[in-house]
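Shown next: start23.pdb, containing PDB, C-alpha atoms.
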```pdb
ATOM      1  CA  MET I   1       3.951  84.769 -16.677  1.00  0.00           C
ATOM      2  CA  GLU I   2       3.640  88.525 -16.055  1.00  0.00           C
ATOM      3  CA  ASP I   3       7.245  89.070 -17.207  1.00  0.00           C
ATOM      4  CA  SER I   4       6.555  87.342 -20.527  1.00  0.00           C
ATOM      5  CA  ARG I   5       3.562  89.646 -21.119  1.00  0.00           C
ATOM      6  CA  GLU I   6       5.710  92.664 -20.356  1.00  0.00           C
ATOM      7  CA  VAL I   7       8.405  91.429 -22.756  1.00  0.00           C
ATOM      8  CA  ALA I   8       5.774  90.962 -25.476  1.00  0.00           C
ATOM      9  CA  ARG I   9       4.416  94.481 -24.887  1.00  0.00           C
ATOM     10  CA  MET I  10       7.748  96.251 -24.742  1.00  0.00           C
ATOM     11  CA  GLY I  11       9.795  94.198 -27.122  1.00  0.00           C
ATOM     12  CA  LEU I  12      12.819  92.218 -26.051  1.00  0.00           C
ATOM     13  CA  LYS I  13      15.329  95.017 -26.665  1.00  0.00           C
ATOM     14  CA  GLU I  14      13.462  97.572 -24.522  1.00  0.00           C
ATOM     15  CA  TYR I  15      12.877  94.996 -21.788  1.00  0.00           C
ATOM     16  CA  LEU I  16      16.585  94.115 -21.623  1.00  0.00           C
ATOM     17  CA  GLU I  17      17.512  97.819 -21.546  1.00  0.00           C
ATOM     18  CA  LYS I  18      15.134  98.337 -18.636  1.00  0.00           C
ATOM     19  CA  LEU I  19      16.671  95.412 -16.747  1.00  0.00           C
ATOM     20  CA  THR I  20      20.198  96.698 -17.281  1.00  0.00           C
ATOM     21  CA  GLU I  21      19.439 100.366 -16.613  1.00  0.00           C
ATOM     22  CA  PRO I  22      21.861 101.698 -13.987  1.00  0.00           C
ATOM     23  CA  LEU I  23      20.447 101.894 -10.475  1.00  0.00           C
ATOM     24  CA  GLU I  24      21.314 105.584 -10.271  1.00  0.00           C
ATOM     25  CA  GLU I  25      19.114 106.360 -13.301  1.00  0.00           C
ATOM     26  CA  LEU I  26      16.220 104.409 -11.812  1.00  0.00           C
ATOM     27  CA  GLU I  27      16.596 106.280  -8.516  1.00  0.00           C
ATOM     28  CA  THR I  28      16.712 109.629 -10.347  1.00  0.00           C
ATOM     29  CA  GLU I  29      13.488 108.762 -12.189  1.00  0.00           C
ATOM     30  CA  ARG I  30      11.838 107.793  -8.894  1.00  0.00           C
ATOM     31  CA  ILE I  31      12.923 111.032  -7.200  1.00  0.00           C
ATOM     32  CA  ARG I  32      11.718 113.077 -10.180  1.00  0.00           C
ATOM     33  CA  SER I  33       8.306 111.399 -10.230  1.00  0.00           C
ATOM     34  CA  ILE I  34       7.793 111.938  -6.478  1.00  0.00           C
ATOM     35  CA  CYS I  35       8.955 115.563  -6.421  1.00  0.00           C
ATOM     36  CA  LEU I  36       7.238 116.806  -9.560  1.00  0.00           C
ATOM     37  CA  ALA I  37       3.924 115.291  -8.424  1.00  0.00           C
ATOM     38  CA  VAL I  38       3.717 117.892  -5.634  1.00  0.00           C
ATOM     39  CA  PRO I  39       1.234 120.600  -6.703  1.00  0.00           C
ATOM     40  CA  GLY I  40       2.725 123.975  -7.587  1.00  0.00           C
ATOM     41  CA  VAL I  41       6.412 123.008  -7.670  1.00  0.00           C
ATOM     42  CA  THR I  42       8.907 124.147 -10.275  1.00  0.00           C
ATOM     43  CA  PRO I  43      11.633 121.753 -11.454  1.00  0.00           C
ATOM     44  CA  ILE I  44      15.009 122.913 -10.114  1.00  0.00           C
ATOM     45  CA  VAL I  45      16.477 122.952 -13.617  1.00  0.00           C
ATOM     46  CA  GLU I  46      13.977 125.702 -14.592  1.00  0.00           C
ATOM     47  CA  ILE I  47      14.704 128.054 -11.674  1.00  0.00           C
ATOM     48  CA  GLU I  48      16.146 131.484 -12.350  1.00  0.00           C
ATOM     49  CA  PRO I  49      17.667 133.495  -9.488  1.00  0.00           C
ATOM     50  CA  ARG I  50      15.860 136.469  -7.942  1.00  0.00           C
ATOM     51  CA  ASN I  51      12.408 134.936  -8.180  1.00  0.00           C
ATOM     52  CA  ARG I  52      10.163 133.166  -5.701  1.00  0.00           C
ATOM     53  CA  TYR I  53       9.702 129.421  -6.179  1.00  0.00           C
ATOM     54  CA  LYS I  54       8.321 126.310  -4.577  1.00  0.00           C
ATOM     55  CA  ILE I  55      10.419 123.167  -5.028  1.00  0.00           C
ATOM     56  CA  ALA I  56      10.292 119.630  -3.693  1.00  0.00           C
ATOM     57  CA  GLY I  57      13.358 117.490  -3.258  1.00  0.00           C
ATOM     58  CA  LEU I  58      15.197 114.695  -1.552  1.00  0.00           C
ATOM     59  CA  VAL I  59      17.757 115.856   1.018  1.00  0.00           C
ATOM     60  CA  ARG I  60      21.122 114.560  -0.250  1.00  0.00           C
ATOM     61  CA  ASN I  61      23.483 116.369   2.075  1.00  0.00           C
ATOM     62  CA  MET I  62      23.291 118.267   5.331  1.00  0.00           C
ATOM     63  CA  ARG I  63      25.937 120.317   7.088  1.00  0.00           C
ATOM     64  CA  ILE I  64      26.220 122.662  10.014  1.00  0.00           C
ATOM     65  CA  GLU I  65      28.501 125.628   9.547  1.00  0.00           C
ATOM     66  CA  PRO I  66      29.537 127.373  12.764  1.00  0.00           C
ATOM     67  CA  LYS I  67      30.204 131.086  12.336  1.00  0.00           C
ATOM     68  CA  LYS I  68      31.238 133.678  14.886  1.00  0.00           C
ATOM     69  CA  TYR I  69      27.855 135.413  14.461  1.00  0.00           C
ATOM     70  CA  GLY I  70      25.799 132.172  14.639  1.00  0.00           C
ATOM     71  CA  THR I  71      25.285 128.760  13.155  1.00  0.00           C
ATOM     72  CA  ILE I  72      24.074 128.017   9.625  1.00  0.00           C
ATOM     73  CA  LEU I  73      22.245 124.820   8.712  1.00  0.00           C
ATOM     74  CA  GLU I  74      22.626 123.959   5.028  1.00  0.00           C
ATOM     75  CA  ILE I  75      20.960 121.162   3.080  1.00  0.00           C
ATOM     76  CA  THR I  76      21.354 120.128  -0.535  1.00  0.00           C
ATOM     77  CA  VAL I  77      18.255 118.777  -2.256  1.00  0.00           C
ATOM     78  CA  THR I  78      17.608 117.173  -5.624  1.00  0.00           C
ATOM     79  CA  ASP I  79      14.377 116.738  -7.523  1.00  0.00           C
ATOM     80  CA  GLY I  80      15.939 114.580 -10.225  1.00  0.00           C
ATOM     81  CA  THR I  81      16.406 117.561 -12.549  1.00  0.00           C
ATOM     82  CA  GLY I  82      19.032 119.502 -10.600  1.00  0.00           C
ATOM     83  CA  LEU I  83      20.418 120.514  -7.209  1.00  0.00           C
ATOM     84  CA  ALA I  84      19.568 123.386  -4.887  1.00  0.00           C
ATOM     85  CA  LYS I  85      20.685 124.375  -1.408  1.00  0.00           C
ATOM     86  CA  ALA I  86      18.671 125.758   1.476  1.00  0.00           C
ATOM     87  CA  ARG I  87      20.318 127.674   4.310  1.00  0.00           C
ATOM     88  CA  TRP I  88      18.827 128.626   7.646  1.00  0.00           C
ATOM     89  CA  THR I  89      20.731 131.123   9.770  1.00  0.00           C
ATOM     90  CA  GLY I  90      20.837 130.684  13.519  1.00  0.00           C
ATOM     91  CA  ARG I  91      19.833 126.997  13.310  1.00  0.00           C
ATOM     92  CA  ALA I  92      21.990 123.971  14.042  1.00  0.00           C
ATOM     93  CA  ARG I  93      19.102 121.554  13.601  1.00  0.00           C
ATOM     94  CA  ILE I  94      15.498 121.539  12.425  1.00  0.00           C
ATOM     95  CA  PRO I  95      13.447 118.586  13.688  1.00  0.00           C
ATOM     96  CA  GLY I  96      12.393 116.290  10.849  1.00  0.00           C
ATOM     97  CA  ILE I  97      14.922 117.538   8.302  1.00  0.00           C
ATOM     98  CA  ASP I  98      17.508 114.864   7.649  1.00  0.00           C
ATOM     99  CA  VAL I  99      19.383 113.155   4.826  1.00  0.00           C
ATOM    100  CA  SER I 100      17.161 110.872   2.675  1.00  0.00           C
ATOM    101  CA  LYS I 101      13.982 112.728   3.668  1.00  0.00           C
ATOM    102  CA  TYR I 102      11.752 114.560   1.203  1.00  0.00           C
ATOM    103  CA  ILE I 103      11.021 118.246   1.725  1.00  0.00           C
ATOM    104  CA  VAL I 104       9.131 121.087   0.043  1.00  0.00           C
ATOM    105  CA  LEU I 105      10.863 124.484   0.105  1.00  0.00           C
ATOM    106  CA  GLU I 106       9.396 127.869  -0.761  1.00  0.00           C
ATOM    107  CA  GLY I 107      11.236 131.155  -1.011  1.00  0.00           C
ATOM    108  CA  HIS I 108      13.445 133.373  -3.141  1.00  0.00           C
ATOM    109  CA  ALA I 109      16.189 131.703  -5.129  1.00  0.00           C
ATOM    110  CA  THR I 110      19.613 133.319  -5.198  1.00  0.00           C
ATOM    111  CA  THR I 111      22.996 132.383  -6.579  1.00  0.00           C
ATOM    112  CA  ALA I 112      25.862 131.657  -4.181  1.00  0.00           C
ATOM    113  CA  PRO I 113      29.420 132.830  -4.952  1.00  0.00           C
ATOM    114  CA  ASP I 114      30.236 129.299  -6.157  1.00  0.00           C
ATOM    115  CA  GLY I 115      27.351 129.483  -8.668  1.00  0.00           C
ATOM    116  CA  SER I 116      25.015 127.116  -6.837  1.00  0.00           C
ATOM    117  CA  LEU I 117      21.316 127.836  -6.408  1.00  0.00           C
ATOM    118  CA  VAL I 118      20.420 128.777  -2.807  1.00  0.00           C
ATOM    119  CA  PHE I 119      17.245 129.502  -0.847  1.00  0.00           C
ATOM    120  CA  ILE I 120      17.930 131.547   2.307  1.00  0.00           C
ATOM    121  CA  ASN I 121      15.618 130.866   5.281  1.00  0.00           C
ATOM    122  CA  PRO I 122      12.904 129.292   3.102  1.00  0.00           C
ATOM    123  CA  PHE I 123       9.555 128.096   4.351  1.00  0.00           C
ATOM    124  CA  TYR I 124       9.623 124.331   4.502  1.00  0.00           C
ATOM    125  CA  GLU I 125       7.237 121.428   4.729  1.00  0.00           C
ATOM    126  CA  LEU I 126       8.237 117.833   5.337  1.00  0.00           C
ATOM    127  CA  LEU I 127       6.952 115.506   2.649  1.00  0.00           C
ATOM    128  CA  TYR I 128       5.857 112.021   3.639  1.00  0.00           C
ATOM    129  CA  VAL I 129       6.733 109.412   1.027  1.00  0.00           C
ATOM    130  CA  GLU I 130       6.032 105.703   1.419  1.00  0.00           C
TER
END
```

Show how you would write the structure in this file as structure tokens.
Amino acid sequence: MEDSREVARMGLKEYLEKLTEPLEELETERIRSICLAVPGVTPIVEIEPRNRYKIAGLVRNMRIEPKKYGTILEITVTDGTGLAKARWTGRARIPGIDVSKYIVLEGHATTAPDGSLVFINPFYELLYVE
């Protein structure tokens, strides 16, 4: 019964498009709505290097890079608008930070040699999402 009301409200074409929307697009919309609801954050797509920002994102990737001078922990986050990396020097692990977890990062944005957006040793806060 509820579905028929939704179809009547949206129109059949829009309803069918919603049902056939790729899962990846739905997930991106969900991530975007969660991350951009955090007060004071800037969408990743709007960030310009050499400025201080606060972003929220879902951790998509995590890697540990051993170096002769110490270990680097690197994560890649997305807020549904773009990707950014965070790197912590001298850390192989930070409790609570893991793939598929939400996080808020705050610090200066820079550009890596490969052109990616990077925050070096940012402040972080774990974000609880139901």

(request) Work out how far apart atom CA of I:Gly57 and atom CA of I:Thr81 are and give it in Å to one decimal. (result)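 Between atom CA of I:Gly57 and atom CA of I:Thr81 the gap works out to 9.8 Å.
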
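Selection check: the PyMOL selection byres ((chain I and resi 91) around 7) on the shown file gives Thr71, Ile72, Leu73, Trp88, Thr89, Gly90, Ala92 and Arg93 of chain I.
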
(message) I'd like to see the residues matched by the PyMOL selection byres ((chain I and resi 117-129) around 6) on this file, and ideally I'd get them as a list of chain:residue names.
(response) I:Ala84, I:Lys85, I:Ala86, I:Arg87, I:Trp88, I:Tyr102, I:Ile103, I:Val104, I:Leu105, I:Glu106, I:Gly107, I:His108, I:Ala109, I:Thr110, I:Thr111, I:Ser116, I:Glu130

Would you write out those residues with C-alpha atoms, as a short mmCIF file (atom, residue, chain, number, x, y, z; two decimals), in the frame of the given file?
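Generated output (part-v7.cif):
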```cif
data_model
loop_
_atom_site.label_atom_id
_atom_site.label_comp_id
_atom_site.auth_asym_id
_atom_site.auth_seq_id
_atom_site.Cartn_x
_atom_site.Cartn_y
_atom_site.Cartn_z
CA ALA I 84 19.57 123.39 -4.89
CA LYS I 85 20.68 124.38 -1.41
CA ALA I 86 18.67 125.76 1.48
CA ARG I 87 20.32 127.67 4.31
CA TRP I 88 18.83 128.63 7.65
CA TYR I 102 11.75 114.56 1.20
CA ILE I 103 11.02 118.25 1.72
CA VAL I 104 9.13 121.09 0.04
CA LEU I 105 10.86 124.48 0.10
CA GLU I 106 9.40 127.87 -0.76
CA GLY I 107 11.24 131.16 -1.01
CA HIS I 108 13.44 133.37 -3.14
CA ALA I 109 16.19 131.70 -5.13
CA THR I 110 19.61 133.32 -5.20
CA THR I 111 23.00 132.38 -6.58
CA SER I 116 25.02 127.12 -6.84
CA GLU I 130 6.03 105.70 1.42
#
```

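Taking only C-alpha atoms into account, I:Val77 lies nearest to I:Val59 out of the set I:Ile44, I:Val59, I:Ile64, I:Cys35.
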
(message) Just the number, please: distance in Å from atom CA of I:Glu46 to atom CA of I:Asp98, one decimal.
(response) 25.0 Å

(request) For atom CA of I:Val41 and atom CA of I:Tyr53, determine how far apart the two atoms are, in Å to one decimal place. (result) 7.4 Å
